[in-house]
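Only one structure is covered here, and it is reproduced in the block below.
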Amino acid sequence: MSTRTENVRAQDFPNGGGAAALLAAGIGSLMVAIFAILADKVASFKSLMIFYKPTGPLSGVTTCAILAWLICWAILHRRWSSRMVALGGITTAALILLGLSLLLTFPPIADLL
Amino acid sequence: MEITERTLLTLIHGMGFGALYLLACSGALVELIRRYKPGSLRPIEIEDERFLGAYLVVMSVLAWITVLTGAYVIYPWYRAVPPPGTVDLGGFPQRLLMASPTTVAWHSIGMEWKEHVAWLVPISITMAAAVFIRYGRNLTRHPQLRNGVLCFVLVSFVAAGIAGFFGAMLSKYAPVQGGQTIQLVHGEKP
């Protein structure tokens with residue numbers, strides 16, 4: 001009986017919105033690392049990323065990553081916000097993306113790619 | 001006792017916003033771990049819920065101010081290019097670090113990591129604030145979501161710590177200097 005009550009309560013607060021925020025944050029974090037690596041390795045991409053000259057390519061790298069994060073978040077939120085989703089896999093994926101972004105922003109690791 | 005305008009702004013960025021974020025982050029972690037653990041028997045008061053929501057929003061604002069001042073105010077001074085023939089690199093921190101094999105890694109590893117890893121902080125804490133505002137005390141009913149948010153807040157703490165550590169070391173080996181000199185205190189003659 002208590003389990004059923006808990007399920008009904010959980011349904012009242014669908015986890016989709018939280019899952020969307022979590023996964024989008026993981027994607028956005030990884031985008032920071034991917035854009036930074038691309039700007040470091042590809043000269044044409046580096047010059048493309050100079051949105052504000054005094055800051056250099058960092059301005060474009062971070063602006064694009066933030067935009068990618070917000071767009072992902074908006075799309076996922078629209079699809080999932082009123083639903084219950086399989087949170088286990090989504091949380092794991094988001095944490096893997098976050099861990100990868102932490103590693104890939106570390107220059108000695110990024111230089112291996 | 002005097003300080004240059006650029007040094008003062010660097011201090012505000014690092015010691016003001018950055019260090020304050022680290023302090024606040026430890027508080028948020030304790031609160032999320034202690035009060036919002038799944039199956040917690042102690043009821044969460046609406047005031048506590050509102051407080052943590054506002055706390056996380058303030059942390060997000062702090063994180064955004066820190067990375068934006070870092071990238072768009074301090075970093076341009078750090079990476080300024082000296083005119084050809086410049087001998088004294090004191091006003092050009094990046095070039096000063098790159099001029100010596102004993103300090104070059106503070107730029108190639110320290111600053112290169114700091115300038116990117118710091119952006120994980122506002123992304124993570126903004127997400128945490130948004131999720132908390134949406135779910136509040138109901139987060140205890142979604143343990144996986146709460147654990148995910150907790151991990152992101154923890155990583156934001158680590159990332160802010162990395163950025164803060166390298167910021168402090170870079171300021172030690174190649175401080176950002178210049179701008180107007182501000183007289184803080186008139187000292188007595190020795």
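Chain labels A, B, ... are given in the sequence in which chains occur in the structure tokens; within each chain residues are numbered consecutively from 1, and ligands are likewise numbered from 1 in the order shown.
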
#### Entry: alpha helix (DSSP H) call set, DSSP backbone run, region 32-73 of chain B, as a ChimeraX atom specification
/B:32-35,46-69

Take the residues just selected and output them with N, CA and C atoms as a short mmCIF file (atom, residue, chain, number, x, y, z; two decimals), in the first residue's frame.
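again-v8.cif written:
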```
data_model
loop_
_atom_site.label_atom_id
_atom_site.label_comp_id
_atom_site.auth_asym_id
_atom_site.auth_seq_id
_atom_site.Cartn_x
_atom_site.Cartn_y
_atom_site.Cartn_z
N LEU B 32 22.32 19.46 0.85
CA LEU B 32 21.73 18.45 -0.05
C LEU B 32 21.95 17.03 0.48
N ILE B 33 23.11 16.79 1.05
CA ILE B 33 23.41 15.45 1.57
C ILE B 33 22.59 15.18 2.85
N ARG B 34 22.57 16.17 3.73
CA ARG B 34 21.98 15.96 5.06
C ARG B 34 20.45 15.96 5.02
N ARG B 35 19.86 16.94 4.36
CA ARG B 35 18.42 17.13 4.45
C ARG B 35 17.62 16.44 3.35
N ILE B 46 8.99 24.48 4.74
CA ILE B 46 8.92 25.28 3.51
C ILE B 46 9.97 26.39 3.50
N GLU B 47 10.30 26.91 4.70
CA GLU B 47 11.32 27.96 4.80
C GLU B 47 12.69 27.41 4.39
N ASP B 48 12.98 26.16 4.82
CA ASP B 48 14.27 25.53 4.48
C ASP B 48 14.36 25.31 2.97
N GLU B 49 13.23 24.89 2.41
CA GLU B 49 13.17 24.63 0.96
C GLU B 49 13.40 25.93 0.19
N ARG B 50 12.74 26.99 0.62
CA ARG B 50 12.90 28.29 -0.04
C ARG B 50 14.32 28.80 0.11
N PHE B 51 14.87 28.58 1.31
CA PHE B 51 16.22 29.07 1.57
C PHE B 51 17.21 28.40 0.63
N LEU B 52 17.14 27.05 0.51
CA LEU B 52 18.10 26.36 -0.35
C LEU B 52 17.89 26.74 -1.81
N GLY B 53 16.65 26.94 -2.22
CA GLY B 53 16.38 27.38 -3.60
C GLY B 53 17.05 28.72 -3.88
N ALA B 54 16.84 29.68 -2.97
CA ALA B 54 17.45 31.00 -3.14
C ALA B 54 18.97 30.92 -3.07
N TYR B 55 19.46 30.06 -2.18
CA TYR B 55 20.91 29.87 -1.99
C TYR B 55 21.55 29.38 -3.30
N LEU B 56 20.90 28.40 -3.95
CA LEU B 56 21.44 27.85 -5.20
C LEU B 56 21.36 28.87 -6.33
N VAL B 57 20.31 29.70 -6.32
CA VAL B 57 20.21 30.74 -7.36
C VAL B 57 21.33 31.76 -7.17
N VAL B 58 21.59 32.16 -5.93
CA VAL B 58 22.69 33.10 -5.66
C VAL B 58 24.02 32.49 -6.08
N MET B 59 24.19 31.19 -5.80
CA MET B 59 25.43 30.50 -6.22
C MET B 59 25.57 30.52 -7.74
N SER B 60 24.46 30.33 -8.45
CA SER B 60 24.51 30.35 -9.92
C SER B 60 24.94 31.73 -10.41
N VAL B 61 24.34 32.76 -9.81
CA VAL B 61 24.69 34.14 -10.21
C VAL B 61 26.19 34.38 -9.96
N LEU B 62 26.64 33.92 -8.80
CA LEU B 62 28.05 34.07 -8.42
C LEU B 62 28.96 33.35 -9.43
N ALA B 63 28.56 32.15 -9.82
CA ALA B 63 29.36 31.36 -10.77
C ALA B 63 29.43 32.06 -12.13
N TRP B 64 28.28 32.58 -12.57
CA TRP B 64 28.27 33.27 -13.87
C TRP B 64 29.12 34.55 -13.83
N ILE B 65 28.98 35.31 -12.74
CA ILE B 65 29.78 36.54 -12.63
C ILE B 65 31.27 36.19 -12.63
N THR B 66 31.62 35.10 -11.94
CA THR B 66 33.04 34.72 -11.85
C THR B 66 33.60 34.37 -13.23
N VAL B 67 32.90 33.52 -13.98
CA VAL B 67 33.46 33.12 -15.29
C VAL B 67 33.42 34.27 -16.29
N LEU B 68 32.38 35.09 -16.21
CA LEU B 68 32.29 36.20 -17.19
C LEU B 68 33.34 37.28 -16.92
N THR B 69 33.56 37.61 -15.64
CA THR B 69 34.62 38.59 -15.34
C THR B 69 35.98 37.99 -15.68
#
```

### Message
Based on only C-alpha atoms, which of the residues in chain A come within 6 Å of chain B? I want them as an NGL selection string.
### Response
:A and (18 or 21 or 29 or 54-55 or 91 or 105-107)

### Task
Would you work out the distance separating CA of Cys72 (chain A) from CA of Ala25 (chain A), expressed in Å to one decimal?
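Computing it gives 8.7 Å between the two atoms.
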
### Task
Compile the contact shell of Thr62 (chain A) as a list in words: residues with an atom at most 9 Å away, counting only C-alpha atoms, same-chain residues fewer than 5 positions apart removed.
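The filter keeps Met31, Val32, Phe35, Ala36, Pro57 and Leu67 of chain A; His116 and Trp119 of chain B.
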
Go ahead and save the picked residues with N, CA and C atoms, as a PDB file, in the first residue's frame.
```
ATOM      1  N   MET A  31      30.469  19.769 -24.392  1.00  0.00           N
ATOM      2  CA  MET A  31      30.627  20.699 -25.517  1.00  0.00           C
ATOM      3  C   MET A  31      31.765  21.696 -25.257  1.00  0.00           C
ATOM      4  N   VAL A  32      31.905  22.119 -23.982  1.00  0.00           N
ATOM      5  CA  VAL A  32      33.014  23.031 -23.643  1.00  0.00           C
ATOM      6  C   VAL A  32      34.330  22.359 -24.033  1.00  0.00           C
ATOM      7  N   PHE A  35      34.591  21.755 -28.076  1.00  0.00           N
ATOM      8  CA  PHE A  35      34.893  22.993 -28.810  1.00  0.00           C
ATOM      9  C   PHE A  35      36.309  23.491 -28.503  1.00  0.00           C
ATOM     10  N   ALA A  36      36.743  23.324 -27.248  1.00  0.00           N
ATOM     11  CA  ALA A  36      38.102  23.765 -26.870  1.00  0.00           C
ATOM     12  C   ALA A  36      39.146  22.944 -27.618  1.00  0.00           C
ATOM     13  N   PRO A  57      39.809  32.863 -28.931  1.00  0.00           N
ATOM     14  CA  PRO A  57      38.869  31.765 -29.225  1.00  0.00           C
ATOM     15  C   PRO A  57      38.039  31.305 -28.028  1.00  0.00           C
ATOM     16  N   LEU A  67      25.353  27.886 -25.714  1.00  0.00           N
ATOM     17  CA  LEU A  67      24.179  27.841 -26.606  1.00  0.00           C
ATOM     18  C   LEU A  67      23.739  26.399 -26.841  1.00  0.00           C
TER      19      LEU A  67
ATOM     20  N   HIS B 116      38.981  26.663 -19.251  1.00  0.00           N
ATOM     21  CA  HIS B 116      37.880  25.831 -19.762  1.00  0.00           C
ATOM     22  C   HIS B 116      37.093  25.121 -18.657  1.00  0.00           C
ATOM     23  N   TRP B 119      34.125  26.727 -16.712  1.00  0.00           N
ATOM     24  CA  TRP B 119      32.781  26.867 -17.301  1.00  0.00           C
ATOM     25  C   TRP B 119      31.855  25.710 -16.938  1.00  0.00           C
TER      26      TRP B 119
END
```

### Task
Work out how far CA of Ser100 (chain B) is from CA of Ser44 (chain A), in Å to one decimal.
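Straight-line distance from CA of Ser44 (chain A) to CA of Ser100 (chain B) works out to 29.0 Å.
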
### Query
Quick one: residues within 12 Å of Phe51 (chain A), only C-alpha atoms counted, chain neighbours fewer than 6 positions away excluded, as a list in words?
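Listing them by chain and then by number gives Phe45, Pro57, Leu58, Ser59, Gly60, Val61, Thr62, Thr63 and Cys64 of chain A; Tyr72 of chain B.
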
### Task
Calculate how many Å separate CA of Val176 (chain B) from CA of Leu154 (chain B), rounding to one decimal.
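These two atoms are separated by 29.7 Å.
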